[in-house]
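A.B. asks: So here's structure-v4.cif, just mmCIF, C-alpha atoms and all ligand atoms:
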data_final
loop_
_atom_site.label_atom_id
_atom_site.label_comp_id
_atom_site.auth_asym_id
_atom_site.auth_seq_id
_atom_site.Cartn_x
_atom_site.Cartn_y
_atom_site.Cartn_z
CA MET A 1 94.87 -11.36 -52.02
CA ILE A 2 91.72 -13.49 -51.49
CA GLU A 3 92.26 -17.22 -51.86
CA ALA A 4 90.43 -18.95 -54.71
CA VAL A 5 87.36 -20.87 -53.64
CA SER A 6 88.32 -24.55 -53.63
CA ILE A 7 86.28 -27.47 -54.90
CA PRO A 8 83.76 -28.44 -52.17
CA HIS A 9 83.44 -31.99 -50.88
CA ILE A 10 80.07 -33.20 -52.12
CA VAL A 11 78.37 -36.50 -51.48
CA PRO A 12 76.39 -37.90 -54.40
CA LEU A 13 72.60 -37.77 -54.27
CA GLU A 14 72.23 -41.52 -53.80
CA GLN A 15 73.94 -41.11 -50.43
CA ILE A 16 71.54 -38.36 -49.43
CA LEU A 17 68.26 -39.79 -50.67
CA PRO A 18 66.71 -42.72 -48.79
CA ASP A 19 67.23 -46.17 -50.38
CA GLU A 20 63.50 -46.47 -50.78
CA PRO A 21 61.58 -43.27 -51.58
CA LEU A 22 59.20 -42.23 -48.81
CA LEU A 23 55.49 -42.33 -49.60
CA MET A 24 54.57 -38.63 -49.62
CA MET A 25 51.31 -38.40 -47.70
CA GLY A 26 51.70 -34.93 -46.24
CA ALA A 27 50.28 -31.55 -47.26
CA GLY A 28 52.30 -31.53 -50.51
CA PRO A 29 54.26 -32.21 -52.60
CA VAL A 30 52.36 -35.40 -53.45
CA PRO A 31 53.43 -38.51 -55.40
CA ILE A 32 53.39 -38.06 -59.18
CA PRO A 33 52.29 -40.63 -61.76
CA GLN A 34 54.98 -42.24 -63.90
CA ARG A 35 53.83 -40.38 -67.03
CA VAL A 36 54.23 -37.06 -65.26
CA ALA A 37 57.73 -38.01 -64.09
CA ALA A 38 58.68 -39.11 -67.61
CA ALA A 39 57.42 -35.85 -69.16
CA ASN A 40 59.36 -33.90 -66.55
CA SER A 41 62.62 -35.41 -67.81
CA ILE A 42 62.25 -33.92 -71.31
CA VAL A 43 63.61 -30.57 -72.51
CA ILE A 44 62.28 -29.08 -75.76
CA ASN A 45 62.50 -25.64 -77.33
CA HIS A 46 60.33 -23.19 -75.40
CA LEU A 47 59.11 -21.59 -78.64
CA GLY A 48 57.93 -23.16 -81.87
CA GLU A 49 55.38 -25.58 -83.26
CA THR A 50 55.76 -28.34 -80.67
CA MET A 51 55.58 -26.03 -77.68
CA ASN A 52 52.63 -24.16 -79.20
CA LYS A 53 50.67 -27.41 -79.41
CA VAL A 54 51.59 -28.28 -75.84
CA ILE A 55 50.55 -24.95 -74.35
CA GLY A 56 47.37 -24.86 -76.44
CA GLN A 57 46.36 -28.17 -74.90
CA VAL A 58 47.44 -27.15 -71.40
CA GLN A 59 45.12 -24.14 -71.73
CA GLU A 60 42.26 -26.23 -73.09
CA MET A 61 42.59 -28.75 -70.27
CA GLY A 62 43.03 -25.89 -67.79
CA ARG A 63 39.69 -24.46 -68.93
CA TYR A 64 38.05 -27.80 -68.17
CA VAL A 65 39.66 -28.12 -64.75
CA PHE A 66 38.87 -24.49 -63.79
CA GLN A 67 35.44 -24.74 -65.51
CA THR A 68 35.93 -21.51 -67.43
CA ASN A 69 35.74 -20.34 -71.03
CA SER A 70 38.21 -17.56 -70.40
CA PRO A 71 41.15 -17.34 -72.84
CA TYR A 72 43.35 -16.14 -69.97
CA VAL A 73 44.56 -19.45 -68.57
CA MET A 74 48.30 -19.18 -67.95
CA GLY A 75 51.15 -21.06 -66.43
CA VAL A 76 53.76 -19.44 -64.24
CA SER A 77 57.28 -20.50 -63.46
CA GLY A 78 57.19 -20.69 -59.69
CA PRO A 79 55.35 -22.12 -56.69
CA GLY A 80 51.64 -21.73 -55.96
CA SER A 81 52.63 -18.55 -54.16
CA ALA A 82 53.94 -17.11 -57.44
CA ALA A 83 50.56 -17.76 -59.07
CA MET A 84 48.98 -16.09 -56.05
CA GLU A 85 51.32 -13.12 -56.41
CA MET A 86 50.59 -12.91 -60.14
CA ALA A 87 46.85 -12.78 -59.50
CA VAL A 88 47.22 -10.15 -56.78
CA ALA A 89 49.85 -8.04 -58.55
CA ASN A 90 47.73 -7.72 -61.68
CA LEU A 91 44.28 -7.34 -60.16
CA VAL A 92 45.03 -5.17 -57.13
CA HIS A 93 46.20 -1.68 -57.99
CA GLU A 94 47.64 0.96 -55.72
CA GLY A 95 45.02 2.14 -53.23
CA ASP A 96 42.52 -0.65 -53.97
CA ARG A 97 40.66 -1.82 -50.89
CA VAL A 98 40.57 -5.58 -50.61
CA LEU A 99 38.51 -7.63 -48.20
CA CYS A 100 40.82 -10.52 -47.30
CA ILE A 101 38.86 -13.38 -45.80
CA CYS A 102 41.24 -15.19 -43.45
CA ASN A 103 40.95 -18.72 -42.15
CA GLY A 104 44.63 -19.39 -41.59
CA TYR A 105 48.17 -19.21 -42.88
CA PHE A 106 47.63 -19.21 -46.66
CA SER A 107 44.70 -16.83 -46.74
CA ARG A 108 46.78 -14.41 -44.64
CA ARG A 109 49.59 -14.74 -47.17
CA MET A 110 47.26 -13.29 -49.82
CA ALA A 111 46.48 -10.37 -47.52
CA GLU A 112 50.19 -9.74 -47.11
CA MET A 113 50.65 -9.73 -50.87
CA VAL A 114 47.83 -7.20 -51.25
CA GLY A 115 49.71 -4.87 -48.91
CA ARG A 116 52.98 -5.33 -50.77
CA VAL A 117 51.51 -4.15 -54.07
CA ARG A 118 50.23 -1.04 -52.23
CA GLY A 119 46.67 -2.23 -51.98
CA GLU A 120 44.81 -1.81 -48.72
CA PRO A 121 43.99 -5.18 -47.15
CA VAL A 122 41.12 -5.32 -44.68
CA LEU A 123 41.24 -8.62 -42.82
CA LEU A 124 38.06 -10.50 -42.04
CA GLU A 125 38.83 -13.38 -39.68
CA ALA A 126 36.58 -16.43 -39.85
CA GLY A 127 35.99 -18.21 -36.53
CA SER A 128 38.72 -20.51 -35.29
CA ASN A 129 38.66 -23.74 -37.32
CA GLU A 130 35.52 -22.56 -39.10
CA SER A 131 34.48 -21.76 -42.66
CA ALA A 132 33.80 -18.11 -43.45
CA SER A 133 30.07 -17.49 -43.20
CA VAL A 134 28.02 -15.73 -45.85
CA GLU A 135 26.42 -13.46 -43.23
CA GLN A 136 29.79 -12.35 -41.90
CA VAL A 137 31.04 -11.48 -45.39
CA GLU A 138 27.78 -9.78 -46.30
CA ALA A 139 28.01 -7.54 -43.23
CA ALA A 140 31.59 -6.57 -44.11
CA LEU A 141 30.65 -5.82 -47.74
CA ARG A 142 27.73 -3.67 -46.64
CA ASN A 143 29.83 -1.67 -44.21
CA GLY A 144 32.70 -0.82 -46.50
CA ARG A 145 33.52 -0.20 -50.12
CA PHE A 146 35.84 -2.83 -51.59
CA ASP A 147 37.43 -3.37 -55.00
CA ALA A 148 38.12 -7.05 -54.49
CA ILE A 149 37.97 -9.97 -52.09
CA THR A 150 40.53 -12.73 -51.60
CA MET A 151 39.76 -16.12 -50.12
CA VAL A 152 40.99 -19.67 -50.01
CA GLN A 153 38.86 -22.66 -50.98
CA GLY A 154 40.73 -25.08 -48.74
CA GLU A 155 42.97 -23.76 -45.96
CA THR A 156 45.69 -26.41 -45.95
CA SER A 157 47.31 -25.07 -42.76
CA ASN A 158 44.45 -25.96 -40.41
CA THR A 159 42.32 -28.15 -42.72
CA VAL A 160 39.30 -25.82 -42.88
CA CYS A 161 37.17 -25.70 -46.04
CA ASN A 162 35.25 -22.61 -47.12
CA ARG A 163 32.06 -24.47 -47.98
CA SER A 164 30.19 -21.30 -48.95
CA LEU A 165 32.74 -20.18 -51.52
CA ASP A 166 30.16 -20.19 -54.32
CA ARG A 167 27.69 -18.02 -52.42
CA ILE A 168 30.36 -15.66 -51.11
CA ALA A 169 31.83 -15.21 -54.60
CA ARG A 170 28.44 -14.34 -56.13
CA LEU A 171 27.67 -12.02 -53.25
CA ALA A 172 30.99 -10.18 -53.66
CA LYS A 173 30.21 -9.84 -57.36
CA GLU A 174 26.88 -8.21 -56.55
CA HIS A 175 28.85 -5.67 -54.49
CA GLY A 176 31.08 -4.93 -57.49
CA CYS A 177 34.16 -6.74 -56.18
CA LEU A 178 36.64 -8.84 -58.10
CA VAL A 179 36.93 -12.30 -56.58
CA ILE A 180 40.37 -13.89 -56.17
CA VAL A 181 40.42 -17.51 -55.03
CA ASP A 182 43.30 -19.70 -53.89
CA ALA A 183 42.53 -23.26 -54.98
CA VAL A 184 46.10 -24.53 -54.66
CA CYS A 185 45.28 -27.56 -52.56
CA THR A 186 41.74 -28.21 -53.75
CA LEU A 187 41.68 -27.88 -57.54
CA SER A 188 40.53 -31.14 -59.12
CA THR A 189 39.87 -32.71 -55.69
CA MET A 190 36.46 -31.04 -55.15
CA PRO A 191 34.05 -28.95 -57.24
CA LEU A 192 35.02 -25.43 -58.30
CA GLU A 193 33.18 -23.68 -61.12
CA MET A 194 35.01 -20.52 -62.01
CA ASP A 195 32.52 -19.03 -64.50
CA ASN A 196 29.38 -20.25 -62.83
CA TRP A 197 30.44 -18.96 -59.41
CA GLN A 198 31.70 -15.69 -60.99
CA ILE A 199 35.29 -15.96 -59.80
CA ASP A 200 37.81 -13.58 -61.41
CA ALA A 201 41.06 -15.35 -60.64
CA VAL A 202 41.71 -18.93 -59.63
CA ILE A 203 45.17 -19.84 -58.40
CA THR A 204 46.66 -23.30 -58.26
CA GLY A 205 50.01 -25.02 -57.85
CA GLY A 206 51.38 -28.17 -59.44
CA GLN A 207 52.27 -30.28 -56.43
CA LYS A 208 48.91 -30.70 -54.72
CA GLY A 209 45.55 -31.69 -56.19
CA LEU A 210 46.93 -31.92 -59.71
CA SER A 211 49.70 -34.39 -58.74
CA SER A 212 52.33 -32.68 -60.86
CA ILE A 213 55.73 -31.34 -59.83
CA PRO A 214 56.28 -28.30 -57.60
CA GLY A 215 57.54 -25.12 -59.27
CA VAL A 216 55.19 -24.77 -62.22
CA SER A 217 51.77 -23.37 -61.44
CA LEU A 218 48.59 -22.47 -63.27
CA LEU A 219 46.11 -19.64 -62.92
CA ALA A 220 43.14 -18.22 -64.77
CA PHE A 221 41.82 -14.67 -65.05
CA SER A 222 38.21 -14.01 -66.03
CA GLU A 223 37.52 -12.00 -69.17
CA HIS A 224 35.86 -9.40 -66.93
CA ALA A 225 38.92 -8.99 -64.70
CA TRP A 226 41.22 -8.89 -67.70
CA GLN A 227 39.32 -6.06 -69.34
CA LYS A 228 38.81 -4.12 -66.14
CA LYS A 229 42.23 -4.39 -64.51
CA ILE A 230 44.80 -5.67 -66.99
CA ALA A 231 43.92 -4.41 -70.47
CA LYS A 232 43.03 -0.92 -69.24
CA ARG A 233 45.67 -0.47 -66.55
CA THR A 234 47.27 2.94 -66.16
CA ALA A 235 50.39 1.88 -64.23
CA LEU A 236 52.75 -1.05 -64.74
CA PRO A 237 52.68 -3.81 -62.13
CA PHE A 238 55.75 -4.00 -59.86
CA HIS A 239 56.79 -7.49 -61.00
CA TRP A 240 58.12 -7.92 -64.51
CA CYS A 241 58.06 -11.73 -64.44
CA LEU A 242 54.50 -11.77 -63.11
CA ASP A 243 53.11 -9.17 -65.53
CA ALA A 244 50.00 -10.77 -67.02
CA GLN A 245 50.20 -8.71 -70.22
CA LEU A 246 53.72 -9.99 -70.83
CA ALA A 247 52.71 -13.54 -69.90
CA ASP A 248 49.87 -13.28 -72.41
CA LYS A 249 52.48 -12.84 -75.15
CA PHE A 250 53.69 -16.36 -74.45
CA TRP A 251 50.40 -18.01 -73.58
CA ASN A 252 48.22 -16.45 -76.27
CA GLN A 253 50.45 -14.81 -78.85
CA LYS A 254 53.14 -17.45 -79.50
CA SER A 255 56.01 -15.16 -78.60
CA TYR A 256 58.64 -14.67 -75.91
CA HIS A 257 58.21 -13.49 -72.34
CA TYR A 258 60.79 -15.50 -70.37
CA THR A 259 62.06 -19.00 -71.10
CA ALA A 260 59.17 -21.16 -70.01
CA PRO A 261 59.86 -24.08 -67.64
CA VAL A 262 59.37 -26.52 -70.51
CA SER A 263 59.86 -29.77 -68.57
CA GLY A 264 57.48 -28.66 -65.88
CA ILE A 265 54.88 -27.61 -68.45
CA LEU A 266 55.18 -31.02 -70.09
CA ALA A 267 54.67 -32.59 -66.66
CA LEU A 268 51.64 -30.38 -66.06
CA HIS A 269 50.29 -31.37 -69.47
CA GLU A 270 50.40 -35.02 -68.47
CA ALA A 271 48.91 -34.35 -65.04
CA LEU A 272 46.02 -32.44 -66.64
CA ARG A 273 45.56 -35.13 -69.26
CA LEU A 274 45.15 -37.70 -66.49
CA VAL A 275 42.54 -35.46 -64.84
CA CYS A 276 40.65 -35.22 -68.14
CA SER A 277 40.76 -38.94 -68.78
CA GLU A 278 39.49 -39.66 -65.28
CA SER A 279 36.88 -36.82 -65.63
CA LEU A 280 36.17 -34.31 -62.87
CA PRO A 281 33.03 -35.98 -61.44
CA GLN A 282 34.83 -39.31 -61.08
CA ARG A 283 37.89 -37.61 -59.61
CA PHE A 284 35.81 -35.70 -57.05
CA ARG A 285 34.09 -38.96 -56.07
CA ARG A 286 37.41 -40.77 -55.63
CA HIS A 287 38.79 -37.99 -53.43
CA LEU A 288 35.67 -37.81 -51.29
CA GLN A 289 35.40 -41.56 -50.80
CA CYS A 290 39.08 -41.96 -49.95
CA SER A 291 39.18 -39.01 -47.59
CA GLU A 292 36.00 -39.99 -45.77
CA ALA A 293 37.19 -43.58 -45.42
CA LEU A 294 40.51 -42.37 -44.02
CA GLN A 295 38.72 -40.07 -41.58
CA ALA A 296 36.47 -42.92 -40.45
CA GLY A 297 39.51 -45.15 -39.93
CA ILE A 298 41.32 -42.48 -37.90
CA GLU A 299 38.30 -41.97 -35.64
CA ALA A 300 37.63 -45.68 -35.25
CA MET A 301 41.20 -46.02 -34.03
CA GLY A 302 40.36 -43.61 -31.23
CA LEU A 303 41.94 -40.43 -32.58
CA GLU A 304 40.19 -37.10 -32.96
CA LEU A 305 39.95 -34.92 -36.08
CA LEU A 306 40.67 -31.22 -35.62
CA VAL A 307 37.81 -29.64 -37.57
CA PRO A 308 34.07 -30.39 -37.16
CA LYS A 309 32.54 -32.06 -40.18
CA GLN A 310 30.59 -29.07 -41.52
CA HIS A 311 33.78 -26.97 -41.75
CA ARG A 312 36.20 -29.78 -42.60
CA LEU A 313 38.43 -29.88 -45.64
CA ASN A 314 38.66 -33.32 -47.24
CA SER A 315 41.78 -32.62 -49.31
CA VAL A 316 43.98 -32.48 -46.20
CA VAL A 317 42.95 -34.22 -42.98
CA GLY A 318 43.99 -32.67 -39.64
CA ILE A 319 44.40 -35.03 -36.67
CA VAL A 320 44.71 -33.88 -33.05
CA THR A 321 47.84 -35.29 -31.44
CA PRO A 322 46.85 -36.90 -28.11
CA GLU A 323 48.24 -35.26 -24.98
CA GLN A 324 51.63 -36.58 -23.94
CA VAL A 325 52.35 -37.65 -27.52
CA SER A 326 54.87 -35.74 -29.60
CA ALA A 327 53.76 -35.12 -33.18
CA ASP A 328 57.42 -34.93 -34.22
CA ALA A 329 58.13 -38.34 -32.67
CA VAL A 330 55.17 -39.85 -34.55
CA ARG A 331 56.33 -38.36 -37.85
CA ALA A 332 59.93 -39.46 -37.32
CA HIS A 333 58.83 -43.03 -36.53
CA MET A 334 56.55 -43.11 -39.59
CA SER A 335 59.39 -42.02 -41.86
CA ARG A 336 62.06 -44.27 -40.39
CA VAL A 337 60.11 -47.47 -39.87
CA HIS A 338 57.23 -47.27 -42.33
CA LYS A 339 58.74 -45.02 -45.04
CA VAL A 340 55.65 -42.84 -44.98
CA GLU A 341 55.88 -39.10 -44.63
CA ILE A 342 53.06 -36.92 -43.28
CA SER A 343 53.03 -33.28 -42.14
CA GLY A 344 52.98 -31.46 -38.85
CA ALA A 345 51.53 -27.97 -38.81
CA PHE A 346 52.64 -24.41 -38.35
CA GLY A 347 52.38 -24.04 -34.60
CA LEU A 348 49.36 -26.32 -34.06
CA ASN A 349 49.81 -29.68 -32.32
CA ILE A 350 48.24 -31.62 -35.16
CA LEU A 351 49.30 -34.05 -37.85
CA ARG A 352 48.09 -33.64 -41.39
CA ILE A 353 47.53 -36.33 -44.01
CA GLY A 354 46.99 -35.22 -47.59
CA GLN A 355 44.22 -36.53 -49.83
CA MET A 356 45.27 -34.87 -53.05
CA GLY A 357 45.72 -36.57 -56.41
CA GLU A 358 47.70 -39.81 -56.14
CA GLN A 359 47.45 -39.76 -52.35
CA SER A 360 43.80 -40.77 -52.69
CA ARG A 361 44.40 -44.40 -53.61
CA ALA A 362 43.26 -47.31 -51.44
CA HIS A 363 46.70 -48.93 -51.18
CA ASN A 364 48.23 -45.66 -49.97
CA LEU A 365 45.48 -45.27 -47.37
CA PHE A 366 46.06 -48.70 -45.83
CA ARG A 367 49.79 -48.18 -45.62
CA THR A 368 49.43 -44.68 -44.16
CA LEU A 369 46.75 -45.48 -41.60
CA HIS A 370 48.69 -48.49 -40.37
CA ALA A 371 51.91 -46.45 -40.16
CA LEU A 372 50.09 -43.69 -38.27
CA GLY A 373 48.47 -46.02 -35.74
CA SER A 374 51.58 -48.06 -35.14
CA SER A 375 53.79 -44.96 -34.78
CA MET A 376 51.28 -43.32 -32.43
CA GLN A 377 51.42 -46.43 -30.24
CA SER A 378 55.17 -46.41 -30.22
CA ALA A 379 55.04 -42.73 -29.20
CA GLY A 380 52.85 -43.64 -26.22
CA ALA A 381 49.27 -43.24 -27.49
CA ARG A 382 46.66 -45.80 -26.48
CA LEU A 383 44.48 -46.67 -29.43
CA ASP A 384 42.81 -49.53 -31.28
CA LEU A 385 44.80 -50.02 -34.48
CA PRO A 386 42.88 -53.10 -35.76
CA ALA A 387 39.55 -51.30 -35.31
CA GLY A 388 40.84 -48.42 -37.43
CA MET A 389 42.08 -50.70 -40.19
CA ALA A 390 38.80 -52.63 -40.19
CA GLU A 391 36.81 -49.40 -40.46
CA LEU A 392 38.95 -48.21 -43.38
CA GLU A 393 38.35 -51.51 -45.16
CA ARG A 394 34.62 -51.36 -44.43
CA ALA A 395 34.29 -47.74 -45.59
CA LEU A 396 36.20 -48.33 -48.81
CA SER A 397 34.35 -51.49 -49.79
CA HIS A 398 31.05 -49.83 -48.87
CA ALA A 399 31.93 -46.89 -51.17
CA ALA A 400 32.89 -49.29 -53.98
C1 LIG A 501 50.51 -25.05 -50.64
C2 LIG A 501 49.58 -23.93 -50.69
C3 LIG A 501 49.98 -22.66 -51.10
C4 LIG A 501 51.39 -22.31 -51.45
O1 LIG A 501 51.91 -23.08 -52.46
P1 LIG A 501 53.51 -23.04 -52.69
O2 LIG A 501 53.68 -23.89 -53.91
O3 LIG A 501 54.11 -23.61 -51.45
O4 LIG A 501 53.87 -21.64 -52.88
C5 LIG A 501 49.03 -21.66 -51.13
N1 LIG A 501 47.76 -21.91 -50.78
C6 LIG A 501 47.34 -23.11 -50.38
C7 LIG A 501 45.91 -23.30 -50.03
C8 LIG A 501 48.23 -24.16 -50.33
O5 LIG A 501 47.81 -25.37 -49.93
#
So, in terms of structure tokens, how does the structure I just supplied come out?
Ligand SMILES: *Cc1c(COP(=O)(O)O)cnc(C)c1O
C.D. replies:
Amino acid sequence: MIEAVSIPHIVPLEQILPDEPLLMMGAGPVPIPQRVAAANSIVINHLGETMNKVIGQVQEMGRYVFQTNSPYVMGVSGPGSAAMEMAVANLVHEGDRVLCICNGYFSRRMAEMVGRVRGEPVLLEAGSNESASVEQVEAALRNGRFDAITMVQGETSNTVCNRSLDRIARLAKEHGCLVIVDAVCTLSTMPLEMDNWQIDAVITGGQKGLSSIPGVSLLAFSEHAWQKKIAKRTALPFHWCLDAQLADKFWNQKSYHYTAPVSGILALHEALRLVCSESLPQRFRRHLQCSEALQAGIEAMGLELLVPKQHRLNSVVGIVTPEQVSADAVRAHMSRVHKVEISGAFGLNILRIGQMGEQSRAHNLFRTLHALGSSMQSAGARLDLPAGMAELERALSHAA
């Protein structure tokens, strides 16, 4: 006889969560606006008039943010990686050869997904801490036959930006490839023009540039990709939940696929509405000015940025941890004393500060830069904190 499982001893959330929420300045999730939080607390029916209006507007706003006229803008219940998997699982068929341009951790994840759906990934490694170059991709496309390419716009893991994304996408198109782009961290923080650059799938998550909640993501398929790979497919994709034809029933045909994450979609609606009311050009400007001011402040303090300017991502800033300083000690001190959280990195001795959505606000920059400098000093670094703060102030007022 097996004993019944007894009631566990559980401490309430208020004893687990910090008294004062930490300011989330890492590589995501990022702080969410009050309206997004409020929308996230509502549950409505996942089918019916109200929901139809909501998803119609989410798609319309999605088309603006992705800069596409495609009808195939869809949400997915799951992390950015689920959107990535949905793009790959529907556009890469068994035996397809895919050129996977790799800059780091997340671009390699796409290559792994290609393999799992029985595609054939061919990895093209960009230089260490460098953007992929057009010449390098052109050589690879000339030397092999490929059905698709995958690439990341901003590689969050090591803060590299693929600056030539537009040229590489058009080039891949000329070679007859579908173009799959991960814009999880960058969407709405810097320009991306899906139709104009001839991209076939753009993937994003909620908790980064869009400043929504984690767990509900958005992606778009081009009309071309839909007709070529989804409408005319001869085999079913492996994943039922991620089947784009089934998802289309919900997103375009007002019927049931699975119960949509209604609260998260309402949150995403509000996050997108805030993007629209700010407008993309203004939002790009805000992100650029804030990130560049932060970078200037970090350097003026005497710290070094990981990636040279021409390859550098602005949406997440990577800082080299000085020798003899522990990145973990700096982060722990920032959380405990300053209530600011930033990220370490997967295996690299760097610290990363996000500049996505609500993170790119002047008041958050001052608090974060001060917390960083002061915690670095307490971890043994020698640097000029006042010079960094003064430079941040100068850069921000100069931009304004
Ligand atoms: C965060 C991130 C992902 C993964 O998103 P999850 O929501 O953690 O699955 C993928 N790509 C990039 C570029 C990211 O920044």
A.B. asks: May I have the residues within 10 Å of ligand LIG 501 (chain A), computed using only C-alpha atoms and all ligand atoms, as a PyMOL selection string?
C.D. replies: chain A and resi 27-29+78-85+104-110+151-157+159+161+181-187+203-209+213-217+315-316
A.B. asks: Taking 6 positions as the minimum chain separation for residues in the same chain, which residues sit within 12 Å of Phe238 in chain A when counting only C-alpha atoms? Answer as a PyMOL selection string.
C.D. replies: chain A and resi 85-86+88-94+113+116-118+244
A.B. asks: Just to be explicit: take each residue in the selection above, keep C-alpha atoms, and write the result as a CSV table (one decimal), in the frame of the given file.
C.D. replies:
chain,number,residue,atom,x,y,z
A,85,GLU,CA,51.3,-13.1,-56.4
A,86,MET,CA,50.6,-12.9,-60.1
A,88,VAL,CA,47.2,-10.2,-56.8
A,89,ALA,CA,49.8,-8.0,-58.6
A,90,ASN,CA,47.7,-7.7,-61.7
A,91,LEU,CA,44.3,-7.3,-60.2
A,92,VAL,CA,45.0,-5.2,-57.1
A,93,HIS,CA,46.2,-1.7,-58.0
A,94,GLU,CA,47.6,1.0,-55.7
A,113,MET,CA,50.6,-9.7,-50.9
A,116,ARG,CA,53.0,-5.3,-50.8
A,117,VAL,CA,51.5,-4.2,-54.1
A,118,ARG,CA,50.2,-1.0,-52.2
A,244,ALA,CA,50.0,-10.8,-67.0
A.B. asks: Just give me the gap between CA of Ala293 in chain A and CA of Val134 in chain A in Å, one decimal is fine.
C.D. replies: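 Separation between CA of Ala293 in chain A and CA of Val134 in chain A: 29.3 Å.
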A.B. asks: Counting all atoms listed in the file, write as a PyMOL selection string all protein and nucleic acid residues lying at most 7 Å from (43.5, -47.0, -36.2) in the file's frame.
C.D. replies: chain A and resi 297-298+300-302+369-370+373+383-389
A.B. asks: Using all atoms listed in the file, find the one residue out of A:Cys100, A:Ala172, A:Val65, A:Leu124 that sits nearest to Met194 in chain A.
C.D. replies: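 Ranking A:Cys100, A:Ala172, A:Val65, A:Leu124 by distance to Met194 in chain A, first place goes to A:Val65.
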A.B. asks: Determine the nearest neighbour of Arg352 in chain A from the options A:Ala271, A:Ile265, A:Ala379, A:Val160, counting only C-alpha atoms.
C.D. replies: A:Val160
